[in-house]
$ cat protein-v3.cif   # mmCIF, C-alpha atoms
data_coords
loop_
_atom_site.label_atom_id
_atom_site.label_comp_id
_atom_site.auth_asym_id
_atom_site.auth_seq_id
_atom_site.Cartn_x
_atom_site.Cartn_y
_atom_site.Cartn_z
CA MET A 1 -22.28 80.82 1.30
CA LYS A 2 -23.27 79.35 4.65
CA GLY A 3 -21.78 80.71 7.88
CA VAL A 4 -21.99 79.43 11.45
CA THR A 5 -23.30 81.89 14.05
CA PHE A 6 -23.85 81.75 17.82
CA PRO A 7 -27.31 83.11 18.71
CA GLY A 8 -26.67 82.29 22.39
CA ASP A 9 -27.69 79.80 25.05
CA ARG A 10 -25.30 77.12 23.77
CA THR A 11 -26.80 76.94 20.28
CA THR A 12 -25.47 77.41 16.76
CA GLU A 13 -27.29 78.60 13.66
CA THR A 14 -26.05 78.22 10.10
CA ILE A 15 -27.19 81.17 7.99
CA GLU A 16 -26.86 82.05 4.30
CA PHE A 17 -24.51 85.01 3.70
CA PRO A 18 -23.45 86.58 0.39
CA ASP A 19 -20.05 85.57 -0.90
CA PRO A 20 -17.71 88.44 0.07
CA THR A 21 -16.19 90.74 -2.53
CA PRO A 22 -12.90 92.33 -1.43
CA GLY A 23 -12.83 96.12 -1.34
CA MET A 24 -9.92 98.53 -1.27
CA GLY A 25 -6.93 96.90 0.40
CA GLU A 26 -8.82 93.67 1.09
CA VAL A 27 -8.56 90.04 0.05
CA ALA A 28 -11.02 87.17 0.00
CA VAL A 29 -9.63 84.01 1.56
CA ALA A 30 -11.04 80.61 0.62
CA ILE A 31 -11.05 78.98 4.04
CA LYS A 32 -9.52 75.51 4.18
CA ALA A 33 -9.42 75.07 7.96
CA SER A 34 -11.11 76.99 10.78
CA GLY A 35 -10.15 75.99 14.30
CA MET A 36 -12.27 75.81 17.42
CA CYS A 37 -10.86 77.72 20.40
CA GLY A 38 -11.79 77.69 24.08
CA SER A 39 -12.53 81.41 23.97
CA ASP A 40 -15.33 80.62 21.48
CA LEU A 41 -17.24 79.12 24.39
CA LYS A 42 -17.80 82.50 26.02
CA SER A 43 -19.81 83.64 22.99
CA TYR A 44 -21.39 80.20 22.57
CA ARG A 45 -22.61 80.15 26.19
CA ARG A 46 -23.77 83.75 26.51
CA ALA A 47 -27.47 84.46 26.92
CA LYS A 48 -29.44 85.20 23.77
CA GLY A 49 -29.33 88.91 23.05
CA ALA A 50 -26.27 89.55 25.23
CA ALA A 51 -23.44 91.58 23.71
CA THR A 52 -20.10 90.10 22.70
CA SER A 53 -17.02 90.87 24.77
CA PHE A 54 -15.71 93.47 22.30
CA ARG A 55 -17.20 96.79 21.28
CA SER A 56 -19.32 96.52 18.16
CA ALA A 57 -17.53 97.39 14.96
CA LYS A 58 -19.31 97.38 11.58
CA ILE A 59 -21.77 94.51 11.89
CA THR A 60 -25.12 94.79 13.59
CA GLY A 61 -26.62 91.43 12.57
CA PRO A 62 -25.43 87.85 13.12
CA VAL A 63 -21.66 87.41 12.99
CA ILE A 64 -19.90 84.44 11.41
CA MET A 65 -17.80 82.81 14.11
CA GLY A 66 -14.30 81.34 13.96
CA HIS A 67 -11.11 83.24 14.79
CA GLU A 68 -8.53 80.65 13.70
CA PRO A 69 -8.60 81.14 9.91
CA CYS A 70 -6.35 79.44 7.41
CA GLY A 71 -6.76 79.08 3.67
CA VAL A 72 -5.84 80.31 0.22
CA VAL A 73 -6.18 83.80 -1.25
CA ALA A 74 -9.08 83.57 -3.71
CA ALA A 75 -9.36 87.21 -4.83
CA VAL A 76 -7.62 90.53 -4.19
CA GLY A 77 -9.22 93.95 -4.09
CA PRO A 78 -7.98 97.27 -5.46
CA GLY A 79 -4.74 98.54 -3.97
CA VAL A 80 -3.44 95.12 -2.94
CA THR A 81 0.03 94.69 -4.39
CA LYS A 82 1.87 91.41 -4.95
CA ALA A 83 4.02 92.24 -1.92
CA TRP A 84 0.90 91.86 0.23
CA ALA A 85 -0.90 88.98 -1.44
CA GLN A 86 -1.50 87.13 -4.67
CA VAL A 87 -4.25 84.72 -5.67
CA GLY A 88 -3.19 81.24 -4.61
CA ASP A 89 -1.10 82.28 -1.59
CA ARG A 90 -1.41 79.97 1.42
CA VAL A 91 -2.19 82.21 4.39
CA MET A 92 -3.15 82.47 8.03
CA VAL A 93 -4.96 85.53 9.37
CA HIS A 94 -3.89 87.63 12.34
CA HIS A 95 -7.46 87.95 13.51
CA TYR A 96 -7.49 91.62 14.56
CA GLN A 97 -7.69 94.97 12.81
CA GLY A 98 -7.12 98.37 14.42
CA CYS A 99 -6.44 101.82 13.02
CA THR A 100 -3.29 100.52 11.21
CA VAL A 101 -1.25 103.66 11.97
CA CYS A 102 -0.74 103.85 15.75
CA ASN A 103 2.40 102.40 17.32
CA HIS A 104 0.59 99.26 18.45
CA CYS A 105 -0.80 98.53 15.00
CA ARG A 106 2.45 99.35 13.24
CA SER A 107 4.32 96.94 15.55
CA GLY A 108 1.91 94.11 14.72
CA TRP A 109 -0.21 94.37 17.89
CA ALA A 110 -3.47 95.52 16.31
CA GLN A 111 -5.47 94.05 19.21
CA LEU A 112 -3.94 96.71 21.49
CA CYS A 113 -5.05 99.65 19.32
CA GLN A 114 -6.50 102.47 21.42
CA GLU A 115 -7.58 104.70 18.54
CA VAL A 116 -10.59 102.85 17.10
CA PRO A 117 -12.84 99.95 18.12
CA VAL A 118 -10.79 96.89 17.29
CA GLU A 119 -12.30 94.43 14.86
CA VAL A 120 -11.92 90.88 16.12
CA TYR A 121 -12.72 88.37 13.41
CA GLY A 122 -15.12 85.78 14.71
CA ASN A 123 -16.37 88.12 17.45
CA ASN A 124 -17.53 91.53 16.22
CA ALA A 125 -16.52 90.99 12.58
CA HIS A 126 -17.13 88.01 10.31
CA GLY A 127 -14.85 85.06 10.99
CA ALA A 128 -13.80 81.82 9.33
CA HIS A 129 -16.62 79.34 9.97
CA ALA A 130 -17.66 79.79 6.34
CA ARG A 131 -16.43 79.06 2.83
CA TYR A 132 -14.91 82.53 2.38
CA MET A 133 -13.63 85.33 4.60
CA CYS A 134 -12.87 88.91 3.58
CA VAL A 135 -10.04 90.65 5.49
CA PRO A 136 -7.58 93.51 5.00
CA ALA A 137 -4.42 92.32 3.27
CA ASN A 138 -2.33 93.59 6.18
CA THR A 139 -3.80 90.89 8.45
CA LEU A 140 -2.35 88.06 6.37
CA VAL A 141 0.51 85.91 7.63
CA LYS A 142 2.04 83.56 5.07
CA LEU A 143 1.55 79.85 5.78
CA PRO A 144 4.79 77.97 5.03
CA ASP A 145 4.47 75.03 2.64
CA GLU A 146 5.70 72.64 5.34
CA LEU A 147 2.56 73.19 7.44
CA SER A 148 -0.95 71.84 6.89
CA PHE A 149 -3.94 74.17 6.82
CA GLN A 150 -5.17 72.81 10.13
CA ALA A 151 -1.77 73.44 11.72
CA GLY A 152 -2.00 76.99 10.42
CA ALA A 153 -5.44 77.32 12.00
CA ALA A 154 -4.04 76.24 15.38
CA ILE A 155 -1.16 78.71 15.13
CA SER A 156 -3.69 81.45 14.30
CA CYS A 157 -4.82 81.44 17.93
CA GLY A 158 -4.46 78.52 20.36
CA THR A 159 -0.93 77.36 19.58
CA GLY A 160 0.20 80.90 18.85
CA THR A 161 -1.17 82.06 22.21
CA ALA A 162 0.79 79.34 24.00
CA TYR A 163 3.93 80.29 22.11
CA GLY A 164 3.51 83.97 22.95
CA ALA A 165 3.09 83.18 26.65
CA LEU A 166 6.19 80.97 26.79
CA ARG A 167 8.21 83.69 25.09
CA ARG A 168 6.91 86.21 27.67
CA LEU A 169 8.12 83.81 30.38
CA ASN A 170 11.59 83.61 28.76
CA LEU A 171 11.35 79.84 29.14
CA SER A 172 14.52 77.84 28.69
CA GLY A 173 15.86 74.33 29.14
CA ASN A 174 16.95 75.27 32.67
CA ASP A 175 13.36 75.71 33.81
CA THR A 176 10.55 73.71 35.31
CA ILE A 177 7.13 75.01 34.25
CA ALA A 178 3.76 74.08 35.73
CA ILE A 179 0.97 74.48 33.15
CA PHE A 180 -2.54 74.72 34.59
CA GLY A 181 -5.20 73.52 32.16
CA GLN A 182 -4.58 71.04 29.34
CA GLY A 183 -7.19 72.18 26.87
CA PRO A 184 -6.00 73.20 23.39
CA VAL A 185 -3.90 76.16 24.62
CA GLY A 186 -2.44 74.32 27.62
CA LEU A 187 -1.66 71.24 25.57
CA SER A 188 0.03 73.43 22.97
CA ALA A 189 2.07 75.00 25.77
CA THR A 190 3.10 71.54 26.97
CA GLN A 191 4.16 70.56 23.45
CA LEU A 192 6.07 73.80 22.83
CA ALA A 193 7.67 73.95 26.29
CA LYS A 194 9.11 70.48 25.79
CA ALA A 195 10.53 71.59 22.44
CA MET A 196 12.16 74.51 24.30
CA GLY A 197 13.82 72.01 26.61
CA ALA A 198 11.87 72.69 29.79
CA ARG A 199 10.64 70.18 32.36
CA VAL A 200 6.84 70.27 32.23
CA ILE A 201 4.35 69.61 35.02
CA ALA A 202 0.85 69.47 33.48
CA LEU A 203 -2.30 70.00 35.55
CA ASP A 204 -5.96 69.38 34.73
CA ILE A 205 -9.03 67.87 36.38
CA SER A 206 -9.84 65.81 33.27
CA PRO A 207 -8.21 62.36 33.14
CA GLU A 208 -8.54 62.40 29.34
CA ARG A 209 -6.66 65.67 29.07
CA LEU A 210 -3.94 64.54 31.49
CA ALA A 211 -3.45 61.42 29.37
CA ARG A 212 -3.04 63.63 26.30
CA ALA A 213 -0.52 65.78 28.19
CA ARG A 214 1.57 62.66 28.85
CA GLU A 215 1.46 61.84 25.14
CA PHE A 216 2.63 65.37 24.37
CA GLY A 217 5.69 65.04 26.58
CA ALA A 218 4.66 66.20 30.06
CA ASP A 219 7.20 64.92 32.59
CA GLU A 220 4.65 64.88 35.41
CA VAL A 221 0.85 65.19 35.55
CA ILE A 222 -1.30 66.32 38.48
CA ASP A 223 -5.06 66.27 39.00
CA PRO A 224 -5.82 69.22 41.34
CA GLY A 225 -9.22 67.68 42.02
CA SER A 226 -7.68 64.69 43.76
CA LYS A 227 -4.58 66.11 45.44
CA ASP A 228 -3.09 69.37 46.72
CA ALA A 229 -1.59 70.83 43.54
CA ILE A 230 0.69 73.30 45.33
CA ALA A 231 2.15 70.63 47.60
CA ALA A 232 2.55 68.24 44.69
CA ILE A 233 4.48 70.80 42.63
CA LYS A 234 6.73 71.60 45.57
CA ASP A 235 7.34 67.88 46.13
CA LEU A 236 8.50 67.65 42.52
CA THR A 237 10.80 70.67 42.84
CA HIS A 238 12.70 69.90 46.06
CA GLY A 239 10.33 72.07 48.06
CA TYR A 240 11.00 75.25 46.08
CA GLY A 241 8.18 75.46 43.52
CA ALA A 242 8.37 75.98 39.75
CA ARG A 243 10.39 78.81 38.22
CA CYS A 244 7.55 79.38 35.74
CA THR A 245 3.84 78.75 36.06
CA LEU A 246 1.22 79.31 33.36
CA ASP A 247 -2.55 79.37 33.77
CA THR A 248 -4.50 78.68 30.59
CA SER A 249 -7.76 77.73 32.30
CA GLY A 250 -9.10 81.08 33.54
CA SER A 251 -10.20 79.30 36.73
CA PRO A 252 -9.80 81.37 39.93
CA GLU A 253 -8.64 78.24 41.78
CA ALA A 254 -6.03 77.42 39.15
CA ARG A 255 -4.79 81.00 39.06
CA ILE A 256 -4.09 81.17 42.79
CA GLN A 257 -2.47 77.73 42.64
CA ALA A 258 -0.23 79.04 39.86
CA VAL A 259 0.76 81.97 42.08
CA ARG A 260 1.38 79.88 45.19
CA SER A 261 3.26 77.07 43.45
CA ALA A 262 5.78 79.44 41.88
CA LYS A 263 9.16 79.61 43.60
CA VAL A 264 10.82 82.68 45.11
CA TRP A 265 11.86 84.96 42.23
CA GLY A 266 9.53 82.96 39.99
CA THR A 267 7.28 84.20 37.20
CA VAL A 268 3.56 83.54 36.74
CA CYS A 269 1.75 84.09 33.45
CA PHE A 270 -2.02 84.32 32.96
CA VAL A 271 -3.53 83.65 29.53
CA GLY A 272 -6.91 82.11 30.42
CA GLU A 273 -9.80 84.51 29.77
CA GLY A 274 -12.55 85.51 32.20
CA ASN A 275 -13.14 85.19 35.96
CA ASP A 276 -10.90 86.70 38.62
CA VAL A 277 -8.37 85.83 41.30
CA THR A 278 -7.83 86.98 44.89
CA ILE A 279 -4.17 87.30 45.85
CA ASP A 280 -2.86 87.87 49.37
CA VAL A 281 -0.22 90.33 48.24
CA SER A 282 2.33 90.08 51.05
CA PRO A 283 2.84 86.29 51.32
CA ASP A 284 1.91 85.47 47.71
CA MET A 285 3.89 88.20 45.96
CA LEU A 286 6.02 90.62 47.97
CA ARG A 287 7.80 88.09 50.14
CA LYS A 288 8.53 85.90 47.14
CA GLN A 289 9.72 88.70 44.84
CA LEU A 290 7.20 87.23 42.42
CA THR A 291 6.59 88.51 38.89
CA ILE A 292 3.05 88.17 37.52
CA ILE A 293 2.53 88.87 33.83
CA ALA A 294 -0.33 88.65 31.36
CA SER A 295 -0.10 87.48 27.77
CA TRP A 296 -2.87 88.15 25.25
CA THR A 297 -2.44 86.15 22.06
CA PHE A 298 0.52 87.39 19.94
CA SER A 299 1.62 89.91 17.34
CA ALA A 300 1.49 89.29 13.60
CA MET A 301 5.27 88.77 13.69
CA GLY A 302 4.88 86.43 16.66
CA GLN A 303 2.44 84.35 14.64
CA ALA A 304 5.00 83.99 11.85
CA ASP A 305 7.74 83.22 14.41
CA CYS A 306 5.59 80.46 15.93
CA ALA A 307 5.10 78.86 12.51
CA ARG A 308 8.84 78.89 11.88
CA PHE A 309 9.59 77.48 15.35
CA VAL A 310 7.14 74.63 14.77
CA ILE A 311 8.83 73.78 11.46
CA ASP A 312 12.41 74.08 12.76
CA ARG A 313 11.71 71.92 15.83
CA LYS A 314 9.61 69.44 13.81
CA ILE A 315 6.61 69.81 16.14
CA ASP A 316 3.57 67.88 14.97
CA VAL A 317 0.86 70.45 15.67
CA ASP A 318 -1.67 68.36 13.73
CA THR A 319 -1.75 65.86 16.61
CA LEU A 320 -3.54 68.49 18.71
CA PHE A 321 -6.71 67.77 16.76
CA THR A 322 -8.91 64.95 18.00
CA HIS A 323 -11.97 65.91 15.93
CA THR A 324 -12.48 67.20 12.40
CA TRP A 325 -15.86 68.53 11.29
CA LYS A 326 -17.78 69.90 8.35
CA LEU A 327 -19.69 73.16 8.78
CA GLY A 328 -22.99 71.29 8.74
CA GLN A 329 -21.89 69.54 11.94
CA ALA A 330 -21.37 72.75 13.90
CA ASP A 331 -24.07 72.07 16.47
CA GLU A 332 -22.67 68.61 17.26
CA ALA A 333 -19.10 69.95 17.28
CA TYR A 334 -19.73 72.72 19.80
CA LYS A 335 -21.90 70.56 22.06
CA LEU A 336 -18.97 68.16 22.37
CA PHE A 337 -16.37 70.93 22.73
CA ASP A 338 -18.48 72.55 25.46
CA LYS A 339 -17.84 69.52 27.70
CA GLN A 340 -14.15 70.52 27.81
CA ASN A 341 -12.76 67.01 28.08
CA THR A 342 -11.68 66.55 24.46
CA GLY A 343 -8.77 67.74 22.36
CA LYS A 344 -8.95 70.42 19.70
CA GLY A 345 -11.56 70.50 16.93
CA VAL A 346 -11.35 72.01 13.45
CA PHE A 347 -13.74 72.60 10.56
CA LEU A 348 -12.25 71.48 7.25
CA MET A 349 -13.79 72.92 4.10
#

$ encode --input "protein-v3.cif" --output "structure tokens"
Amino acid sequence: MKGVTFPGDRTTETIEFPDPTPGMGEVAVAIKASGMCGSDLKSYRRAKGAATSFRSAKITGPVIMGHEPCGVVAAVGPGVTKAWAQVGDRVMVHHYQGCTVCNHCRSGWAQLCQEVPVEVYGNNAHGAHARYMCVPANTLVKLPDELSFQAGAAISCGTGTAYGALRRLNLSGNDTIAIFGQGPVGLSATQLAKAMGARVIALDISPERLARAREFGADEVIDPGSKDAIAAIKDLTHGYGARCTLDTSGSPEARIQAVRSAKVWGTVCFVGEGNDVTIDVSPDMLRKQLTIIASWTFSAMGQADCARFVIDRKIDVDTLFTHTWKLGQADEAYKLFDKQNTGKGVFLM
């Protein structure tokens, strides 16, 4: 089978790999949809020869990318019972594997495992930008029949990450939330926050992305490149600021704006990867009784909860996608995605 790899310096390379055979406790998934995520760009942009962001696991050569897998179980290995998986099951993949026995792993948070180097599919272990993917059966999350494969791919990272962050914020219909960044994760957060009943202020420097945020239900949109974002948010909230703010961009400027536009007793959540932020602790935090939290993706149970929420609230996750691709178009797909002014992309097999 062919798999898409990132050799570095904003290039892709499609390489021939053997079709995987599932071992003990594993399944082979026939990939139907493999989403593109903003965190892919860190690996895509890194210099040739530079290490990935996670400790190396079992693979020393090129790694198949793609950490938003969704498909159908094609084969099961020894030790996989029907309770775990059967051939033909529609599944998503919780794209991490730890030791499986520590408290973090047993609670569905394999990415927090401290006992072994965590395998991250599409980073230091083979991902879903290929025809097949071999994973432990315990990483599977059933895909409900009501959802498309590409919706399942979105929930497998971008949409699921937004959902996990909003749950960490305890968002409700009483709240105003300012969401910084309207890429795939931020736009998902806008869509989900509206379904939770909140008033949404969406921020981005891309006019195209702000237009999409309006389509997805944002009550107000702000371009921080053309106006003072903090002042604008306070103007929209009677001078107080937002009860919740969420940064999905990873931009230092957006992060500090998220902190300073939150109201007294407010809560700020960071999900955007990379970069840093400099906070003046006394005025920005102490004297506002501010809570700052981080949210890294979601648990396996959180992934399933997100899928059920999307179904129950009749949220059209498929509208997140502005581009669909075949694997042979990977170079074109990532060159466009790298511009960060489009919606979400997905490879359909």

$ atom_distance --input "protein-v3.cif" --atom1 "atom CA of Val317 of chain A" --atom2 "atom CA of Ala151 of chain A"
5.6 Å

$ atom_distance --input "protein-v3.cif" --atom1 "atom CA of Gly181 of chain A" --atom2 "atom CA of Asp247 of chain A"
6.6 Å

$ resolve_selection --input "protein-v3.cif" --expression "the PyMOL selection byres ((chain A and resi 197) around 8)" --output "number ranges by chain"
A: 172-174, 193-196, 198-199

$ resolve_selection --input "protein-v3.cif" --expression "the PyMOL selection byres ((chain A and resi 289) around 8)" --output "list in words"
Val264, Trp265, Gly266, Met285, Leu286, Arg287, Lys288, Leu290 and Thr291 of chain A

$ residues_around --input "protein-v3.cif" --residues "segment 328-340 of chain A" --least-positions-apart "3" --cutoff "12 Å" --atoms "all atoms listed in the file" --output "ChimeraX atom specification"
/A:2-7,9-15,34-45,65-66,129-131,181-184,204-209,249,321-325,343-349

$ write_last_selection --input "protein-v3.cif" --atoms "C-alpha atoms" --output "mmCIF file, in the coordinates of the input"
data_model
loop_
_atom_site.group_PDB
_atom_site.id
_atom_site.type_symbol
_atom_site.label_atom_id
_atom_site.label_comp_id
_atom_site.auth_asym_id
_atom_site.auth_seq_id
_atom_site.Cartn_x
_atom_site.Cartn_y
_atom_site.Cartn_z
ATOM 1 C CA LYS A 2 -23.270 79.350 4.650
ATOM 2 C CA GLY A 3 -21.780 80.710 7.880
ATOM 3 C CA VAL A 4 -21.990 79.430 11.450
ATOM 4 C CA THR A 5 -23.300 81.890 14.050
ATOM 5 C CA PHE A 6 -23.850 81.750 17.820
ATOM 6 C CA PRO A 7 -27.310 83.110 18.710
ATOM 7 C CA ASP A 9 -27.690 79.800 25.050
ATOM 8 C CA ARG A 10 -25.300 77.120 23.770
ATOM 9 C CA THR A 11 -26.800 76.940 20.280
ATOM 10 C CA THR A 12 -25.470 77.410 16.760
ATOM 11 C CA GLU A 13 -27.290 78.600 13.660
ATOM 12 C CA THR A 14 -26.050 78.220 10.100
ATOM 13 C CA ILE A 15 -27.190 81.170 7.990
ATOM 14 C CA SER A 34 -11.110 76.990 10.780
ATOM 15 C CA GLY A 35 -10.150 75.990 14.300
ATOM 16 C CA MET A 36 -12.270 75.810 17.420
ATOM 17 C CA CYS A 37 -10.860 77.720 20.400
ATOM 18 C CA GLY A 38 -11.790 77.690 24.080
ATOM 19 C CA SER A 39 -12.530 81.410 23.970
ATOM 20 C CA ASP A 40 -15.330 80.620 21.480
ATOM 21 C CA LEU A 41 -17.240 79.120 24.390
ATOM 22 C CA LYS A 42 -17.800 82.500 26.020
ATOM 23 C CA SER A 43 -19.810 83.640 22.990
ATOM 24 C CA TYR A 44 -21.390 80.200 22.570
ATOM 25 C CA ARG A 45 -22.610 80.150 26.190
ATOM 26 C CA MET A 65 -17.800 82.810 14.110
ATOM 27 C CA GLY A 66 -14.300 81.340 13.960
ATOM 28 C CA HIS A 129 -16.620 79.340 9.970
ATOM 29 C CA ALA A 130 -17.660 79.790 6.340
ATOM 30 C CA ARG A 131 -16.430 79.060 2.830
ATOM 31 C CA GLY A 181 -5.200 73.520 32.160
ATOM 32 C CA GLN A 182 -4.580 71.040 29.340
ATOM 33 C CA GLY A 183 -7.190 72.180 26.870
ATOM 34 C CA PRO A 184 -6.000 73.200 23.390
ATOM 35 C CA ASP A 204 -5.960 69.380 34.730
ATOM 36 C CA ILE A 205 -9.030 67.870 36.380
ATOM 37 C CA SER A 206 -9.840 65.810 33.270
ATOM 38 C CA PRO A 207 -8.210 62.360 33.140
ATOM 39 C CA GLU A 208 -8.540 62.400 29.340
ATOM 40 C CA ARG A 209 -6.660 65.670 29.070
ATOM 41 C CA SER A 249 -7.760 77.730 32.300
ATOM 42 C CA PHE A 321 -6.710 67.770 16.760
ATOM 43 C CA THR A 322 -8.910 64.950 18.000
ATOM 44 C CA HIS A 323 -11.970 65.910 15.930
ATOM 45 C CA THR A 324 -12.480 67.200 12.400
ATOM 46 C CA TRP A 325 -15.860 68.530 11.290
ATOM 47 C CA GLY A 343 -8.770 67.740 22.360
ATOM 48 C CA LYS A 344 -8.950 70.420 19.700
ATOM 49 C CA GLY A 345 -11.560 70.500 16.930
ATOM 50 C CA VAL A 346 -11.350 72.010 13.450
ATOM 51 C CA PHE A 347 -13.740 72.600 10.560
ATOM 52 C CA LEU A 348 -12.250 71.480 7.250
ATOM 53 C CA MET A 349 -13.790 72.920 4.100
#

$ atom_distance --input "protein-v3.cif" --atom1 "atom CA of Ala258 of chain A" --atom2 "atom CA of Ala178 of chain A"
7.6 Å
